[in-house]
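Peer 1: The structure that follows is given in the form of C-alpha cells.
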Amino acid sequence: MKKSLTALTAALFLSGAVFAQKVEFEEYTLDNGLHVVLHQDKSAPVVVTSVMYHVGAKDENPERTGFAHFFEHLLFEGTENIGRGEWFKLVTANGGHNNANTSDDRTYYYEVFPSNNLELAIWMESDRLLQPVINQIGVDTQNEVVKEEKRLRVDNQPYGNWITEVKRNMFKKHPYRWAPIGSMEHLDAATLEEFQAFNKKFYIPNNAVLVIAGDIDFKQTKDLVQKYFGPIQKGTPVERIKIEEDPITSPIIAEYQDPNIQLPMYITAYRTPSNKTKDARALDMVSSILSGGKSSRLYKKLVDEDKMAMQVSAFNFSQEDYGMYIILGIPMPGFTREQIQEVIDAEIVKMQTELISERDFQKLQNEFENNYVNSNSNLESLAENLATNYLLMGDINLINEEIDIYRSITREEIREVAKKYLKPNARLLLDYVPVKEEAAN
C-alpha cells in the first residue's frame, strides 16, 4: 500500500506539467444550487474530488467560535452509510488519500484516488453532504481532538498565538477578530443541537462548489454527479451581513506575553482591502520587494548588513472581506523595537516615495510569472484554486487571468499602494514578548 501511495503521489505531481498553459474546465449548476467544475487531464490515472463550503470562522456566533474548524474534523466521523472510524480506512484501502482545511472564509475537503475510484469519491462526498452522523459521541471525540490540536499547534508552540493576537487587535467589529481554532470554552458550552443547526445552515449544496479534476470522462462524471448529488435537497440560502470596520486613525499599541519563547517578535500590521481587489495584488508585490528572499530590502538591511534581526518577513494576509499587511521581525539580542522599527519604516518610506528600478521590476514580474505556473502545477493545487476562484473570488476565470492582473501592475501603482495602506497612523504595533519576570512570579 505504501508503494502504491508513493506512486500515486508521484503521478499526481508529474501530471502538473501540462498546467503551465491555459486551464480548460467545464462548469454548471445542479437544480439544488450545487456548482460543479470539471477539469480533464489524461496524463496520469489520478482524480481529485473536492468540495468547498462557503463557511469559515467569520460565519460563527461570537459566543460559539471554532465551529467551522470543528466541523472540518466532525464531518469525518461518518455518515449513515460509512461507520465511525471507517472514512480514512475506506480511502486508504482504495489507494487514495484525503484531507481538509479551514480558514476564516471557507472549509475545504478533498480526496485523491486512482481514477477508477472516481465513483467512490463522488459517493463519499455526497453522503457526507446528504446524511452526516452528528451525535454526542462524535462531538465529544472531536472536542478532545481539537483541544489537543490547539495545545500542540497554538498554546505550546513558540509564537503560536501571534496571529490570534494580531486579529484580536486589528478587528473590533468584524468576525475576523478571532482565529479559526476558536475558543475551547465555546465548544465545551455548545449543545448537540447547536452543532446540528450549524450543519443544517451551512453544509448545503447551494453553499458549496464541487470540483473534480484529473483523468475523467465528462459524460460519465456528469452522470455520476447527478446520480449522487442531484437528489440532495437545496438548503435555505445563507444570509450574509456585511460588517465594516472603522478606519484605524491612530496607532494601536499592544503587548502579548508568550511563555514558550526567549526572544521577542515585533509585529507591525496594517488593515488592507479584500483579496478581490487589484490593490491586494499590488501589496503582494510590495511584500516580495521588502522580504521575498535574501536579496530583499528588509532581509539585506536587518539580517545581512546591520545584523539587527535573526529573521524578518513581510506579507499580505489576503482574505475575502479584508486583509492585513503584516511585518514580523525577531531581533538579535540587545536590539529594541524602536531600532528595528526605524529600519522598517525607512524602507516603507522608500517604497512610498521612490519607484523601484526597472531591473527590480522585471525581476518581480518574472517571480510572479513563476509563482503563477507553480500554483497550478499539480492537480491538488489546481482543484483548490478552481474552487477558491469560484466561491470566494467570484470569478473562476482567474485561474487563467490572474497573471494578467499582476502583469498590468505598474511601478507607479506599487508606489501608490504602499503610500495608501502602509500609513504610520493606521497600524498595529504588537510586542510579542517572553513572559516578564514579575508576571512569572
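Within each chain, counting starts at residue 1; across the C-alpha cells, chains are named A, B, ... in the order shown, with ligands numbered 1 upward in that order.
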Give one line per residue of segment 203-278 of chain A that approaches segment 86-108 of chain A to at most 10 Å, naming the two atoms of the closest pair and their distance in Å to one decimal, counting only C-alpha atoms; sort by chain then ascending residue number and deliver it as a tab-separated table.

Peer 2:
```
residue	atom	partner	partner_atom	distance
A:Tyr203	CA	A:Thr107	CA	9.8
A:Ala208	CA	A:Arg106	CA	9.5
A:Val209	CA	A:Tyr108	CA	9.7
```

Peer 1: Kindly export the residues of the current selection with N, CA, C and O atoms, as a CSV table (one decimal), in the first residue's frame.

Peer 2:
```
chain,number,residue,atom,x,y,z
A,203,TYR,N,-23.9,23.6,5.5
A,203,TYR,CA,-23.4,22.4,4.7
A,203,TYR,C,-24.5,22.0,3.8
A,203,TYR,O,-25.1,20.9,4.1
A,208,ALA,N,-22.0,25.6,-1.7
A,208,ALA,CA,-20.8,24.8,-2.0
A,208,ALA,C,-20.4,24.8,-3.5
A,208,ALA,O,-21.3,25.0,-4.3
A,209,VAL,N,-19.2,24.4,-3.7
A,209,VAL,CA,-18.8,24.1,-5.1
A,209,VAL,C,-18.0,22.7,-5.1
A,209,VAL,O,-17.2,22.5,-4.2
```

Peer 1: Write down as a PyMOL selection string the residues belonging to segment 219-301 of chain A that are assigned strand (DSSP E or B) by DSSP computed on the backbone.

Peer 2: chain A and resi 252-258+265-272

Peer 1: How would the residues just chosen look if you wrote them out with N, CA, C and O atoms as a PDB file, in the first residue's frame?

Peer 2:
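Below you can see selection26.pdb, which holds the result:
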```pdb
ATOM      1  N   ILE A 252      -2.296  51.476  17.129  1.00  0.00           N
ATOM      2  CA  ILE A 252      -2.736  50.570  18.188  1.00  0.00           C
ATOM      3  C   ILE A 252      -1.482  49.966  18.810  1.00  0.00           C
ATOM      4  O   ILE A 252      -0.693  49.314  18.113  1.00  0.00           O
ATOM      5  N   ILE A 253      -1.276  50.183  20.086  1.00  0.00           N
ATOM      6  CA  ILE A 253      -0.095  49.675  20.784  1.00  0.00           C
ATOM      7  C   ILE A 253      -0.535  48.514  21.668  1.00  0.00           C
ATOM      8  O   ILE A 253      -1.442  48.660  22.494  1.00  0.00           O
ATOM      9  N   ALA A 254       0.081  47.353  21.491  1.00  0.00           N
ATOM     10  CA  ALA A 254      -0.350  46.177  22.242  1.00  0.00           C
ATOM     11  C   ALA A 254       0.851  45.313  22.598  1.00  0.00           C
ATOM     12  O   ALA A 254       1.924  45.408  21.981  1.00  0.00           O
ATOM     13  N   GLU A 255       0.644  44.452  23.586  1.00  0.00           N
ATOM     14  CA  GLU A 255       1.687  43.520  24.019  1.00  0.00           C
ATOM     15  C   GLU A 255       1.048  42.183  24.349  1.00  0.00           C
ATOM     16  O   GLU A 255      -0.071  42.109  24.859  1.00  0.00           O
ATOM     17  N   TYR A 256       1.769  41.110  24.034  1.00  0.00           N
ATOM     18  CA  TYR A 256       1.335  39.767  24.422  1.00  0.00           C
ATOM     19  C   TYR A 256       2.545  39.021  24.961  1.00  0.00           C
ATOM     20  O   TYR A 256       3.623  39.045  24.352  1.00  0.00           O
ATOM     21  N   GLN A 257       2.382  38.359  26.110  1.00  0.00           N
ATOM     22  CA  GLN A 257       3.472  37.626  26.726  1.00  0.00           C
ATOM     23  C   GLN A 257       3.290  36.125  26.476  1.00  0.00           C
ATOM     24  O   GLN A 257       2.268  35.545  26.846  1.00  0.00           O
ATOM     25  N   ASP A 258       4.290  35.523  25.833  1.00  0.00           N
ATOM     26  CA  ASP A 258       4.242  34.106  25.464  1.00  0.00           C
ATOM     27  C   ASP A 258       5.241  33.334  26.326  1.00  0.00           C
ATOM     28  O   ASP A 258       6.448  33.599  26.274  1.00  0.00           O
ATOM     29  N   MET A 265       9.189  38.945  19.404  1.00  0.00           N
ATOM     30  CA  MET A 265       8.873  39.172  17.997  1.00  0.00           C
ATOM     31  C   MET A 265       8.143  40.508  17.924  1.00  0.00           C
ATOM     32  O   MET A 265       7.171  40.729  18.659  1.00  0.00           O
ATOM     33  N   TYR A 266       8.631  41.397  17.080  1.00  0.00           N
ATOM     34  CA  TYR A 266       7.988  42.694  16.913  1.00  0.00           C
ATOM     35  C   TYR A 266       7.139  42.660  15.641  1.00  0.00           C
ATOM     36  O   TYR A 266       7.645  42.357  14.558  1.00  0.00           O
ATOM     37  N   ILE A 267       5.866  42.952  15.795  1.00  0.00           N
ATOM     38  CA  ILE A 267       4.904  42.823  14.702  1.00  0.00           C
ATOM     39  C   ILE A 267       4.317  44.183  14.361  1.00  0.00           C
ATOM     40  O   ILE A 267       3.894  44.927  15.247  1.00  0.00           O
ATOM     41  N   THR A 268       4.313  44.488  13.083  1.00  0.00           N
ATOM     42  CA  THR A 268       3.670  45.688  12.559  1.00  0.00           C
ATOM     43  C   THR A 268       2.602  45.235  11.572  1.00  0.00           C
ATOM     44  O   THR A 268       2.901  44.452  10.670  1.00  0.00           O
ATOM     45  N   ALA A 269       1.364  45.690  11.750  1.00  0.00           N
ATOM     46  CA  ALA A 269       0.275  45.211  10.896  1.00  0.00           C
ATOM     47  C   ALA A 269      -0.622  46.366  10.460  1.00  0.00           C
ATOM     48  O   ALA A 269      -0.918  47.270  11.250  1.00  0.00           O
ATOM     49  N   TYR A 270      -1.046  46.315   9.205  1.00  0.00           N
ATOM     50  CA  TYR A 270      -1.926  47.325   8.617  1.00  0.00           C
ATOM     51  C   TYR A 270      -3.161  46.621   8.052  1.00  0.00           C
ATOM     52  O   TYR A 270      -3.050  45.522   7.500  1.00  0.00           O
ATOM     53  N   ARG A 271      -4.314  47.252   8.158  1.00  0.00           N
ATOM     54  CA  ARG A 271      -5.520  46.677   7.560  1.00  0.00           C
ATOM     55  C   ARG A 271      -5.552  47.003   6.069  1.00  0.00           C
ATOM     56  O   ARG A 271      -5.297  48.147   5.670  1.00  0.00           O
ATOM     57  N   THR A 272      -5.863  46.016   5.253  1.00  0.00           N
ATOM     58  CA  THR A 272      -5.803  46.163   3.799  1.00  0.00           C
ATOM     59  C   THR A 272      -7.111  45.684   3.170  1.00  0.00           C
ATOM     60  O   THR A 272      -7.963  45.106   3.842  1.00  0.00           O
TER      61      THR A 272
END
```

Peer 1: Skip Asp217 of chain A itself and residues of its chain fewer than 4 positions away, then list as a count of residues only all residues within 9 Å of it, counting only C-alpha atoms.

Peer 2: 3

Peer 1: Using only C-alpha atoms, tabulate the residues of segment 105-178 of chain A lying at most 12 Å from any atom of segment 228-243 of chain A, each with its closest atom pair and that distance in Å to one decimal, by chain and increasing residue number, as JSON lines.

Peer 2:
```
{"residue": "A:Asp105", "atom": "CA", "partner": "A:Arg240", "partner_atom": "CA", "distance": 11.9}
{"residue": "A:Glu119", "atom": "CA", "partner": "A:Tyr228", "partner_atom": "CA", "distance": 9.1}
{"residue": "A:Leu120", "atom": "CA", "partner": "A:Tyr228", "partner_atom": "CA", "distance": 10.4}
{"residue": "A:Ala121", "atom": "CA", "partner": "A:Tyr228", "partner_atom": "CA", "distance": 10.5}
{"residue": "A:Ile122", "atom": "CA", "partner": "A:Tyr228", "partner_atom": "CA", "distance": 7.1}
{"residue": "A:Trp123", "atom": "CA", "partner": "A:Tyr228", "partner_atom": "CA", "distance": 6.0}
{"residue": "A:Met124", "atom": "CA", "partner": "A:Tyr228", "partner_atom": "CA", "distance": 9.2}
{"residue": "A:Glu125", "atom": "CA", "partner": "A:Phe229", "partner_atom": "CA", "distance": 8.7}
{"residue": "A:Ser126", "atom": "CA", "partner": "A:Phe229", "partner_atom": "CA", "distance": 5.5}
{"residue": "A:Asp127", "atom": "CA", "partner": "A:Tyr228", "partner_atom": "CA", "distance": 8.0}
{"residue": "A:Arg128", "atom": "CA", "partner": "A:Phe229", "partner_atom": "CA", "distance": 10.5}
{"residue": "A:Leu129", "atom": "CA", "partner": "A:Ile232", "partner_atom": "CA", "distance": 8.1}
{"residue": "A:Leu130", "atom": "CA", "partner": "A:Ile232", "partner_atom": "CA", "distance": 6.1}
{"residue": "A:Gln131", "atom": "CA", "partner": "A:Ile232", "partner_atom": "CA", "distance": 9.5}
{"residue": "A:Phe171", "atom": "CA", "partner": "A:Ile243", "partner_atom": "CA", "distance": 10.7}
{"residue": "A:Lys172", "atom": "CA", "partner": "A:Ile243", "partner_atom": "CA", "distance": 10.4}
{"residue": "A:Lys173", "atom": "CA", "partner": "A:Ile243", "partner_atom": "CA", "distance": 7.0}
{"residue": "A:His174", "atom": "CA", "partner": "A:Ile243", "partner_atom": "CA", "distance": 5.6}
{"residue": "A:Pro175", "atom": "CA", "partner": "A:Ile243", "partner_atom": "CA", "distance": 8.3}
{"residue": "A:Tyr176", "atom": "CA", "partner": "A:Ile243", "partner_atom": "CA", "distance": 10.2}
{"residue": "A:Arg177", "atom": "CA", "partner": "A:Ile243", "partner_atom": "CA", "distance": 11.7}
```

Peer 1: Just write the chosen residues, N, CA and C atoms, as a CSV table (one decimal), in the first residue's frame.

Peer 2:
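Written output follows (result_3.csv):
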```csv
chain,number,residue,atom,x,y,z
A,105,ASP,N,-12.8,32.1,5.9
A,105,ASP,CA,-13.8,32.3,4.8
A,105,ASP,C,-14.4,31.0,4.3
A,119,GLU,N,-16.1,7.1,-8.8
A,119,GLU,CA,-17.5,6.9,-8.3
A,119,GLU,C,-17.5,6.9,-6.8
A,120,LEU,N,-16.5,6.1,-6.2
A,120,LEU,CA,-16.4,6.0,-4.8
A,120,LEU,C,-16.2,7.4,-4.2
A,121,ALA,N,-15.3,8.3,-4.7
A,121,ALA,CA,-15.1,9.6,-4.2
A,121,ALA,C,-16.4,10.5,-4.2
A,122,ILE,N,-17.0,10.4,-5.4
A,122,ILE,CA,-18.3,11.2,-5.5
A,122,ILE,C,-19.3,10.8,-4.5
A,123,TRP,N,-19.5,9.4,-4.4
A,123,TRP,CA,-20.4,8.9,-3.4
A,123,TRP,C,-20.1,9.3,-2.0
A,124,MET,N,-18.8,9.3,-1.6
A,124,MET,CA,-18.4,9.6,-0.3
A,124,MET,C,-18.7,11.1,0.0
A,125,GLU,N,-18.4,12.0,-0.9
A,125,GLU,CA,-18.6,13.4,-0.6
A,125,GLU,C,-20.1,13.7,-0.6
A,126,SER,N,-20.9,13.0,-1.5
A,126,SER,CA,-22.3,13.3,-1.5
A,126,SER,C,-23.0,12.8,-0.2
A,127,ASP,N,-22.5,11.6,0.3
A,127,ASP,CA,-23.1,11.1,1.5
A,127,ASP,C,-22.7,11.9,2.7
A,128,ARG,N,-21.5,12.5,2.7
A,128,ARG,CA,-21.1,13.5,3.8
A,128,ARG,C,-22.1,14.7,3.8
A,129,LEU,N,-22.4,15.1,2.6
A,129,LEU,CA,-23.3,16.3,2.5
A,129,LEU,C,-24.8,15.9,2.8
A,130,LEU,N,-25.2,14.7,2.3
A,130,LEU,CA,-26.6,14.3,2.5
A,130,LEU,C,-27.0,13.9,3.9
A,131,GLN,N,-26.1,13.0,4.5
A,131,GLN,CA,-26.5,12.4,5.8
A,131,GLN,C,-25.4,12.1,6.7
A,171,PHE,N,-9.2,43.9,14.5
A,171,PHE,CA,-10.6,43.9,14.2
A,171,PHE,C,-11.4,44.0,15.5
A,172,LYS,N,-12.3,45.0,15.5
A,172,LYS,CA,-13.1,45.2,16.7
A,172,LYS,C,-14.6,44.8,16.5
A,173,LYS,N,-15.0,44.9,15.2
A,173,LYS,CA,-16.4,44.6,14.9
A,173,LYS,C,-16.5,43.3,14.0
A,174,HIS,N,-15.7,43.2,13.0
A,174,HIS,CA,-15.7,42.1,12.1
A,174,HIS,C,-15.3,40.8,12.7
A,175,PRO,N,-16.0,39.6,12.3
A,175,PRO,CA,-15.6,38.3,12.9
A,175,PRO,C,-14.2,37.8,12.5
A,176,TYR,N,-13.5,38.5,11.7
A,176,TYR,CA,-12.0,38.2,11.6
A,176,TYR,C,-11.3,38.4,12.9
A,177,ARG,N,-12.0,39.0,13.9
A,177,ARG,CA,-11.3,39.3,15.2
A,177,ARG,C,-10.9,38.0,16.0
```

Peer 1: Find the residue from A:Asn206, A:Asn378, A:Ser183, A:Asn32 that sits nearest to Pro62 of chain A; use only C-alpha atoms when measuring.

Peer 2: A:Ser183

Peer 1: Write out as a PyMOL selection string each polymer residue whose atoms come within 10 Å of segment 140-146 of chain A, counting only C-alpha atoms; drop sequence neighbours fewer than 2 positions from it.

Peer 2: chain A and resi 66+69-77+135-138+148-152+181-182+184+187-188+192

Peer 1: Figure out the distance between atom CA of Ser295 of chain A and atom CA of Ala418 of chain A, please, to one decimal in Å.

Peer 2: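 Between atom CA of Ala418 of chain A and atom CA of Ser295 of chain A the gap is 19.6 Å.
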
Peer 1: Write out as a compact mmCIF listing (two decimals) with N, CA, C and O atoms, in the first residue's frame the residues lying within 8 Å of segment 313-321 of chain A, counting only C-alpha atoms and excluding same-chain residues fewer than 5 positions away.

Peer 2:
```txt
# COMPACT_ATOMS: atom_id res chain seq x y z
N ASP A 104 -10.79 31.52 7.62
CA ASP A 104 -11.83 32.46 8.06
C ASP A 104 -13.01 32.47 7.10
O ASP A 104 -14.12 32.83 7.50
N ASP A 105 -12.79 32.07 5.85
CA ASP A 105 -13.79 32.27 4.81
C ASP A 105 -14.43 30.99 4.26
O ASP A 105 -15.52 31.06 3.69
N THR A 272 -5.86 46.02 5.25
CA THR A 272 -5.80 46.16 3.80
C THR A 272 -7.11 45.68 3.17
O THR A 272 -7.96 45.11 3.84
N PRO A 273 -7.28 45.88 1.85
CA PRO A 273 -8.57 45.57 1.24
C PRO A 273 -8.74 44.09 0.91
O PRO A 273 -7.82 43.28 1.04
N SER A 274 -9.93 43.73 0.45
CA SER A 274 -10.29 42.37 0.07
C SER A 274 -9.33 41.80 -0.97
O SER A 274 -8.78 42.53 -1.79
N ASN A 275 -9.20 40.47 -0.95
CA ASN A 275 -8.35 39.81 -1.94
C ASN A 275 -8.92 39.90 -3.36
O ASN A 275 -8.26 39.49 -4.32
N LYS A 276 -10.12 40.44 -3.52
CA LYS A 276 -10.71 40.59 -4.85
C LYS A 276 -10.18 41.83 -5.57
O LYS A 276 -10.45 42.01 -6.76
N ALA A 280 -4.83 44.57 -3.59
CA ALA A 280 -4.32 43.44 -2.81
C ALA A 280 -3.17 42.76 -3.56
O ALA A 280 -2.18 42.33 -2.95
N LEU A 283 -0.06 44.82 -3.31
CA LEU A 283 0.56 44.64 -2.00
C LEU A 283 1.36 43.34 -1.94
O LEU A 283 2.36 43.25 -1.21
N ASP A 284 0.92 42.31 -2.68
CA ASP A 284 1.73 41.09 -2.79
C ASP A 284 3.11 41.43 -3.35
O ASP A 284 4.12 40.88 -2.91
N SER A 287 5.30 43.07 -0.80
CA SER A 287 5.86 42.06 0.10
C SER A 287 7.11 41.43 -0.47
O SER A 287 8.10 41.22 0.23
N SER A 288 7.05 41.11 -1.74
CA SER A 288 8.20 40.48 -2.38
C SER A 288 9.41 41.40 -2.37
O SER A 288 10.54 40.97 -2.12
N LEU A 290 10.05 43.78 -0.22
CA LEU A 290 10.54 44.01 1.14
C LEU A 290 11.18 42.77 1.76
O LEU A 290 12.18 42.88 2.47
N SER A 291 10.61 41.58 1.52
CA SER A 291 11.16 40.41 2.23
C SER A 291 11.13 39.12 1.42
O SER A 291 11.23 38.04 1.99
N GLY A 292 11.01 39.20 0.10
CA GLY A 292 10.97 38.00 -0.71
C GLY A 292 12.35 37.44 -1.00
O GLY A 292 12.92 37.66 -2.07
N LEU A 298 14.39 44.35 3.29
CA LEU A 298 14.42 44.21 4.75
C LEU A 298 15.42 43.14 5.18
O LEU A 298 16.12 43.30 6.19
N TYR A 299 15.48 42.05 4.44
CA TYR A 299 16.42 40.98 4.81
C TYR A 299 17.86 41.49 4.69
O TYR A 299 18.68 41.28 5.59
N ILE A 326 1.33 42.41 7.08
CA ILE A 326 2.00 42.09 8.34
C ILE A 326 3.51 42.03 8.14
O ILE A 326 3.99 41.41 7.19
N ILE A 327 4.24 42.65 9.04
CA ILE A 327 5.70 42.59 9.05
C ILE A 327 6.13 42.01 10.40
O ILE A 327 5.74 42.53 11.45
N LEU A 328 6.89 40.93 10.36
CA LEU A 328 7.37 40.26 11.58
C LEU A 328 8.88 40.37 11.66
O LEU A 328 9.57 40.16 10.65
N GLY A 329 9.39 40.66 12.82
CA GLY A 329 10.84 40.71 13.00
C GLY A 329 11.25 40.14 14.35
O GLY A 329 10.69 40.52 15.38
N LEU A 392 -14.91 32.20 -3.59
CA LEU A 392 -14.50 33.37 -2.81
C LEU A 392 -14.17 34.59 -3.66
O LEU A 392 -14.40 35.72 -3.23
N MET A 393 -13.62 34.35 -4.83
CA MET A 393 -13.20 35.47 -5.67
C MET A 393 -14.31 35.93 -6.61
O MET A 393 -14.26 37.04 -7.15
```

Peer 1: Need the shell around Pro158 of chain A: protein/DNA/RNA residues with any atom at most 10 Å away, counting only C-alpha atoms. Skip same-chain ones fewer than 6 positions apart. Format as a list in words?

Peer 2: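 These residues fall inside the cut-off: Asp258, Pro259, Asn260, Ile261, Gln262, Leu263 and Pro434 of chain A.
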
Peer 1: Could you save the residues just selected, with N, CA and C atoms, as a PDB file, in the first residue's frame?

Peer 2:
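Final output, saved to again_0.pdb:
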```pdb
ATOM      1  N   ASP A 258       4.290  35.523  25.833  1.00  0.00           N
ATOM      2  CA  ASP A 258       4.242  34.106  25.464  1.00  0.00           C
ATOM      3  C   ASP A 258       5.241  33.334  26.326  1.00  0.00           C
ATOM      4  N   PRO A 259       4.779  32.364  27.116  1.00  0.00           N
ATOM      5  CA  PRO A 259       5.686  31.614  27.991  1.00  0.00           C
ATOM      6  C   PRO A 259       6.604  30.657  27.239  1.00  0.00           C
ATOM      7  N   ASN A 260       6.381  30.485  25.925  1.00  0.00           N
ATOM      8  CA  ASN A 260       7.140  29.499  25.166  1.00  0.00           C
ATOM      9  C   ASN A 260       8.331  30.085  24.404  1.00  0.00           C
ATOM     10  N   ILE A 261       8.625  31.369  24.597  1.00  0.00           N
ATOM     11  CA  ILE A 261       9.702  31.992  23.813  1.00  0.00           C
ATOM     12  C   ILE A 261      10.738  32.658  24.710  1.00  0.00           C
ATOM     13  N   GLN A 262      11.944  32.817  24.148  1.00  0.00           N
ATOM     14  CA  GLN A 262      13.017  33.541  24.832  1.00  0.00           C
ATOM     15  C   GLN A 262      13.314  34.879  24.159  1.00  0.00           C
ATOM     16  N   LEU A 263      13.024  34.966  22.860  1.00  0.00           N
ATOM     17  CA  LEU A 263      13.279  36.197  22.115  1.00  0.00           C
ATOM     18  C   LEU A 263      11.959  36.825  21.693  1.00  0.00           C
ATOM     19  N   PRO A 434       8.557  37.440  25.614  1.00  0.00           N
ATOM     20  CA  PRO A 434       8.572  36.402  26.645  1.00  0.00           C
ATOM     21  C   PRO A 434       7.844  36.885  27.907  1.00  0.00           C
TER      22      PRO A 434
END
```

Peer 1: Find the residues near Pro331 of chain A: any atom within 8 Å, counting only C-alpha atoms, skip ones fewer than 5 places away on the same chain, and give them as a list in words.

Peer 2: Leu263, Pro264, Met265, Tyr266, Met308, Ala309, Met310, Gln311, Thr336 and Ile340 of chain A

Peer 1: Smallest atom-to-atom distance to Lys58 of chain A: which of A:Trp178, A:Lys200, A:Asp41, A:Gln157, using only C-alpha atoms?

Peer 2: A:Trp178

Peer 1: So how far away is atom CA of Ile405 of chain A from atom CA of Asp279 of chain A, in Å?

Peer 2: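 Between these atoms lies a distance of 10.2 Å.
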